[in-house]
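Have a look at data_3.txt below; it lists compact mmCIF, C-alpha atoms.
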# COMPACT_ATOMS: atom_id res chain seq x y z
CA MET J 52 0.00 0.00 0.00
CA ILE J 53 1.23 3.48 -0.86
CA SER J 54 1.84 5.78 2.10
CA ILE J 55 0.07 9.13 1.70
CA ASN J 56 -1.69 11.47 4.08
CA ARG J 57 -5.42 11.08 4.74
CA GLU J 58 -6.45 14.24 2.86
CA LYS J 59 -4.64 13.17 -0.34
CA TYR J 60 -6.07 9.68 0.04
CA GLU J 61 -9.62 11.03 0.30
CA THR J 62 -9.18 13.43 -2.62
CA PHE J 63 -7.75 10.77 -4.90
CA SER J 64 -10.30 8.16 -3.80
CA LYS J 65 -13.19 10.56 -4.55
CA GLY J 66 -11.65 11.27 -7.95
CA LEU J 67 -11.49 7.54 -8.69
CA GLN J 68 -15.14 7.17 -7.64
CA TYR J 69 -16.11 9.98 -10.02
CA GLU J 70 -14.10 8.43 -12.86
CA LEU J 71 -15.75 5.07 -12.19
CA LEU J 72 -19.23 6.59 -12.40
CA PHE J 73 -18.55 7.54 -16.04
CA ARG J 74 -16.82 4.26 -16.86
CA ASN J 75 -19.82 2.32 -15.58
CA LEU J 76 -22.08 4.60 -17.59
CA GLY J 77 -20.08 3.96 -20.75
CA LYS J 78 -20.04 0.20 -20.17
CA GLN J 79 -23.80 0.04 -19.84
CA VAL J 80 -24.70 2.50 -22.60
CA PHE J 81 -22.29 1.21 -25.26
CA SER J 82 -23.17 -2.45 -24.71
CA GLU J 83 -26.90 -1.73 -24.87
CA LEU J 84 -26.66 0.40 -28.01
CA LYS J 85 -24.36 -2.03 -29.85
CA ASN J 86 -27.27 -4.10 -31.21
CA ASN J 87 -29.21 -1.07 -32.42
CA PRO J 88 -26.85 1.89 -32.98
CA PRO J 89 -28.51 5.31 -32.89
CA GLY J 90 -27.89 8.06 -35.44
CA SER J 91 -24.56 7.80 -37.21
CA MET J 92 -22.98 5.53 -34.60
CA THR J 93 -22.06 2.10 -35.94
CA ALA J 94 -22.12 -1.33 -34.31
CA ASP J 95 -18.38 -1.62 -35.02
CA SER J 96 -17.61 1.64 -33.22
CA LEU J 97 -19.85 0.71 -30.30
CA ASP J 98 -18.10 -2.66 -30.12
CA LEU J 99 -14.73 -0.88 -29.89
CA LEU J 100 -16.09 1.49 -27.25
CA SER J 101 -17.36 -1.48 -25.22
CA LYS J 102 -13.97 -3.18 -25.47
CA MET J 103 -12.27 0.03 -24.36
CA GLU J 104 -14.54 0.30 -21.31
CA HIS J 105 -13.91 -3.31 -20.32
CA HIS J 106 -10.17 -2.86 -20.77
CA ASN J 107 -10.32 0.26 -18.62
CA THR J 108 -11.74 -1.93 -15.86
CA LYS J 109 -8.73 -4.24 -16.09
CA VAL J 110 -6.29 -1.31 -16.01
CA MET J 111 -7.97 0.71 -13.27
CA ASP J 112 -9.37 -1.97 -10.93
CA PRO J 113 -6.08 -2.54 -9.06
CA VAL J 114 -5.85 1.20 -8.37
CA ARG J 115 -9.51 1.39 -7.33
CA GLN J 116 -9.09 -1.59 -5.01
CA GLN J 117 -6.05 -0.05 -3.35
CA PHE J 118 -8.12 3.06 -2.58
CA ASN J 119 -11.23 1.12 -1.50
CA VAL J 120 -13.41 2.28 -4.40
CA ASP J 121 -16.54 0.15 -4.75
CA SER J 122 -16.70 -0.96 -8.39
CA SER J 123 -20.22 -2.34 -8.28
CA ILE J 124 -22.89 -0.81 -10.49
CA GLY J 125 -25.67 0.52 -8.29
CA CYS J 126 -29.30 1.34 -8.95
CA LYS J 127 -28.58 5.06 -9.50
CA ASP J 128 -25.87 4.11 -12.03
CA LYS J 129 -28.38 1.97 -13.91
CA ILE J 130 -30.99 4.72 -13.97
CA PHE J 131 -28.41 7.26 -15.19
CA ALA J 132 -27.30 4.86 -17.94
CA LYS J 133 -30.90 4.15 -18.98
CA THR J 134 -31.59 7.89 -19.23
CA VAL J 135 -28.54 8.43 -21.46
CA THR J 136 -29.41 5.40 -23.59
CA ILE J 137 -32.98 6.59 -24.12
CA SER J 138 -31.85 10.11 -25.01
CA LEU J 139 -29.36 8.72 -27.55
CA LYS J 140 -32.06 6.51 -29.09
CA MET J 141 -34.69 9.26 -29.24
CA MET J 142 -32.43 12.21 -30.10
CA PRO J 143 -29.17 10.74 -31.44
CA ASN J 144 -27.68 14.01 -32.72
CA LEU J 145 -28.46 16.00 -29.59
CA GLY J 146 -27.42 13.08 -27.38
CA SER J 147 -24.06 12.62 -29.08
CA ARG J 148 -23.37 16.36 -28.92
CA TYR J 149 -24.15 16.31 -25.20
CA LEU J 150 -21.78 13.35 -24.75
CA GLU J 151 -19.08 15.17 -26.72
CA GLY J 152 -19.27 18.18 -24.41
CA SER J 153 -19.29 15.92 -21.35
CA ALA J 154 -16.26 13.97 -22.61
CA GLU J 155 -14.36 17.19 -23.31
CA ARG J 156 -15.00 18.45 -19.77
CA PHE J 157 -14.22 15.03 -18.34
CA VAL J 158 -10.76 15.02 -19.98
CA HIS J 159 -9.91 18.12 -17.93
CA GLN J 160 -11.40 16.63 -14.77
CA LEU J 161 -9.41 13.43 -15.27
CA LYS J 162 -6.23 15.46 -15.62
CA GLY J 163 -7.04 16.88 -12.18
CA ILE J 164 -7.47 13.36 -10.80
CA GLN J 165 -4.21 12.40 -12.48
CA ALA J 166 -2.48 15.36 -10.82
CA SER J 167 -3.78 14.26 -7.40
CA SER J 168 -2.48 10.72 -7.88
CA PRO J 169 0.21 9.43 -5.60
CA SER J 170 3.36 8.25 -7.35
CA GLY J 171 3.36 4.70 -8.62
CA PHE J 172 0.21 4.98 -10.74
CA GLU J 173 1.56 6.98 -13.69
CA GLU J 174 0.80 4.28 -16.26
CA GLU J 175 -2.79 3.83 -15.09
CA MET J 176 -3.40 7.58 -14.87
CA ASN J 177 -2.00 8.17 -18.37
CA TYR J 178 -4.23 5.40 -19.70
CA MET J 179 -7.26 6.87 -17.90
CA VAL J 180 -6.75 10.28 -19.55
CA GLU J 181 -5.86 8.88 -23.00
CA HIS J 182 -8.96 6.67 -22.90
CA GLU J 183 -11.20 9.68 -22.40
CA LYS J 184 -9.35 11.68 -25.06
CA ALA J 185 -10.06 8.88 -27.52
CA LEU J 186 -13.75 8.89 -26.58
CA TYR J 187 -13.86 12.66 -26.98
CA GLY J 188 -12.05 12.44 -30.33
CA TYR J 189 -14.54 9.84 -31.53
CA LEU J 190 -17.54 11.95 -30.52
CA PHE J 191 -16.01 15.13 -31.96
CA HIS J 192 -15.47 13.57 -35.40
CA LEU J 193 -18.82 11.75 -35.26
CA ASN J 194 -20.60 15.07 -34.65
CA GLN J 195 -18.65 16.69 -37.50
CA GLY J 196 -19.99 13.99 -39.83
CA GLU J 197 -16.48 12.49 -40.20
CA LEU J 198 -17.62 8.93 -39.59
CA LEU J 199 -14.51 7.18 -40.90
CA ARG J 200 -12.19 9.45 -38.89
CA ALA J 201 -14.35 8.92 -35.79
CA HIS J 202 -14.04 5.14 -36.12
CA LEU J 203 -10.30 5.39 -36.79
CA VAL J 204 -9.76 7.27 -33.51
CA LEU J 205 -11.16 4.25 -31.67
CA LYS J 206 -9.37 1.71 -33.87
CA GLU J 207 -6.01 3.43 -33.31
CA PHE J 208 -6.54 3.54 -29.55
CA VAL J 209 -7.50 -0.14 -29.42
CA LEU J 210 -4.46 -1.13 -31.49
CA GLU J 211 -2.08 1.11 -29.52
CA HIS J 212 -3.21 -0.42 -26.22
CA ASP J 213 -3.54 -3.99 -27.53
CA ILE J 214 -7.20 -4.26 -26.52
CA HIS J 215 -9.04 -7.43 -27.55
Step by step, read the file and then write its structure as structure tokens.
Amino acid sequence: MISINREKYETFSKGLQYELLFRNLGKQVFSELKNNPPGSMTADSLDLLSKMEHHNTKVMDPVRQQFNVDSSIGCKDKIFAKTVTISLKMMPNLGSRYLEGSAERFVHQLKGIQASSPSGFEEEMNYMVEHEKALYGYLFHLNQGELLRAHLVLKEFVLEHDIH
């Protein structure tokens, strides 16, 4: 176990909980939409997004466990995911633009979590931020109508990180 003061521990732990909220959201939403992609999203892209979320679990779980972050998906998480899924199905363009803005803000928030990280977790923290940058890049290009470029952002990330 890493030795850090209580305040840093609490700050970092809360950051990991916040990050996990969005990872659980992505896991649920992308896997549900994969069979019936909304708007200009494709099943292939949603499959890559699902794989990325599951790989994130493998990368981040050891860190979360060390900081006592509960990784279970609760009832509120499920309701949040259902709300996002419904909005993407009913209003795919508006929903994907909302997700793009959220992902852009989340990149900055994750950099803050990364900055609060104790030493020894650099690889995991870099992955955490790069993962969200890839999601943001995908959504940005998707919303610009650059469907091939959007898919390539995901494909490149998956290949770079050897995600299966």
Point to revise | Pro143 of chain J environment, 10 Å, only C-alpha atoms, sequence neighbours closer than 3 positions dropped, as a ChimeraX atom specification | key: /J:88-92,136-140,146-149
Would you list the contacts of segment 76-85 of chain J as a compact mmCIF listing (two decimals) with C-alpha atoms, in the coordinates of the input, taking every protein, DNA or RNA residue within 8 Å and counting only C-alpha atoms, but skipping same-chain residues closer than 6 positions in sequence?
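Output contents, as saved in out_38.txt:
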# COMPACT_ATOMS: atom_id res chain seq x y z
CA THR J 93 -22.06 2.10 -35.94
CA ALA J 94 -22.12 -1.33 -34.31
CA ASP J 95 -18.38 -1.62 -35.02
CA LEU J 97 -19.85 0.71 -30.30
CA ASP J 98 -18.10 -2.66 -30.12
CA LEU J 100 -16.09 1.49 -27.25
CA SER J 101 -17.36 -1.48 -25.22
CA GLU J 104 -14.54 0.30 -21.31
CA HIS J 105 -13.91 -3.31 -20.32
CA ASP J 128 -25.87 4.11 -12.03
CA LYS J 129 -28.38 1.97 -13.91
CA PHE J 131 -28.41 7.26 -15.19
CA ALA J 132 -27.30 4.86 -17.94
CA LYS J 133 -30.90 4.15 -18.98
CA VAL J 135 -28.54 8.43 -21.46
CA THR J 136 -29.41 5.40 -23.59
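Here the question is which of J:Ser64, J:Ser153, J:Gln165, J:Asn86 gets nearest to Gln117 of chain J using only C-alpha atoms, and that residue is J:Ser64.
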Practice item. Could you tell me how far atom CA of Lys206 of chain J lies from atom CA of Gly171 of chain J, in Å and to one decimal? Key: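 According to the coordinates, atom CA of Lys206 of chain J and atom CA of Gly171 of chain J are separated by 28.4 Å.
When only C-alpha atoms are used to compute distances to Asn194 of chain J, the closest of the residues J:Met179, J:Ile214, J:Ile124, J:Leu145 turns out to be J:Leu145.
Straight-line separation from atom CA of Gly163 of chain J to atom CA of Phe73 of chain J: 15.3 Å.
Across the structure, atom CA of Met141 of chain J and atom CA of Val158 of chain J are spaced 26.3 Å apart.
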Practice item. Tell me which of J:Ile130, J:Leu210, J:Leu199, J:Ala166 sits closest to Val180 of chain J, counting all atoms listed in the file. Key: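 Using all atoms listed in the file, the shortest distance to Val180 of chain J belongs to J:Ala166.
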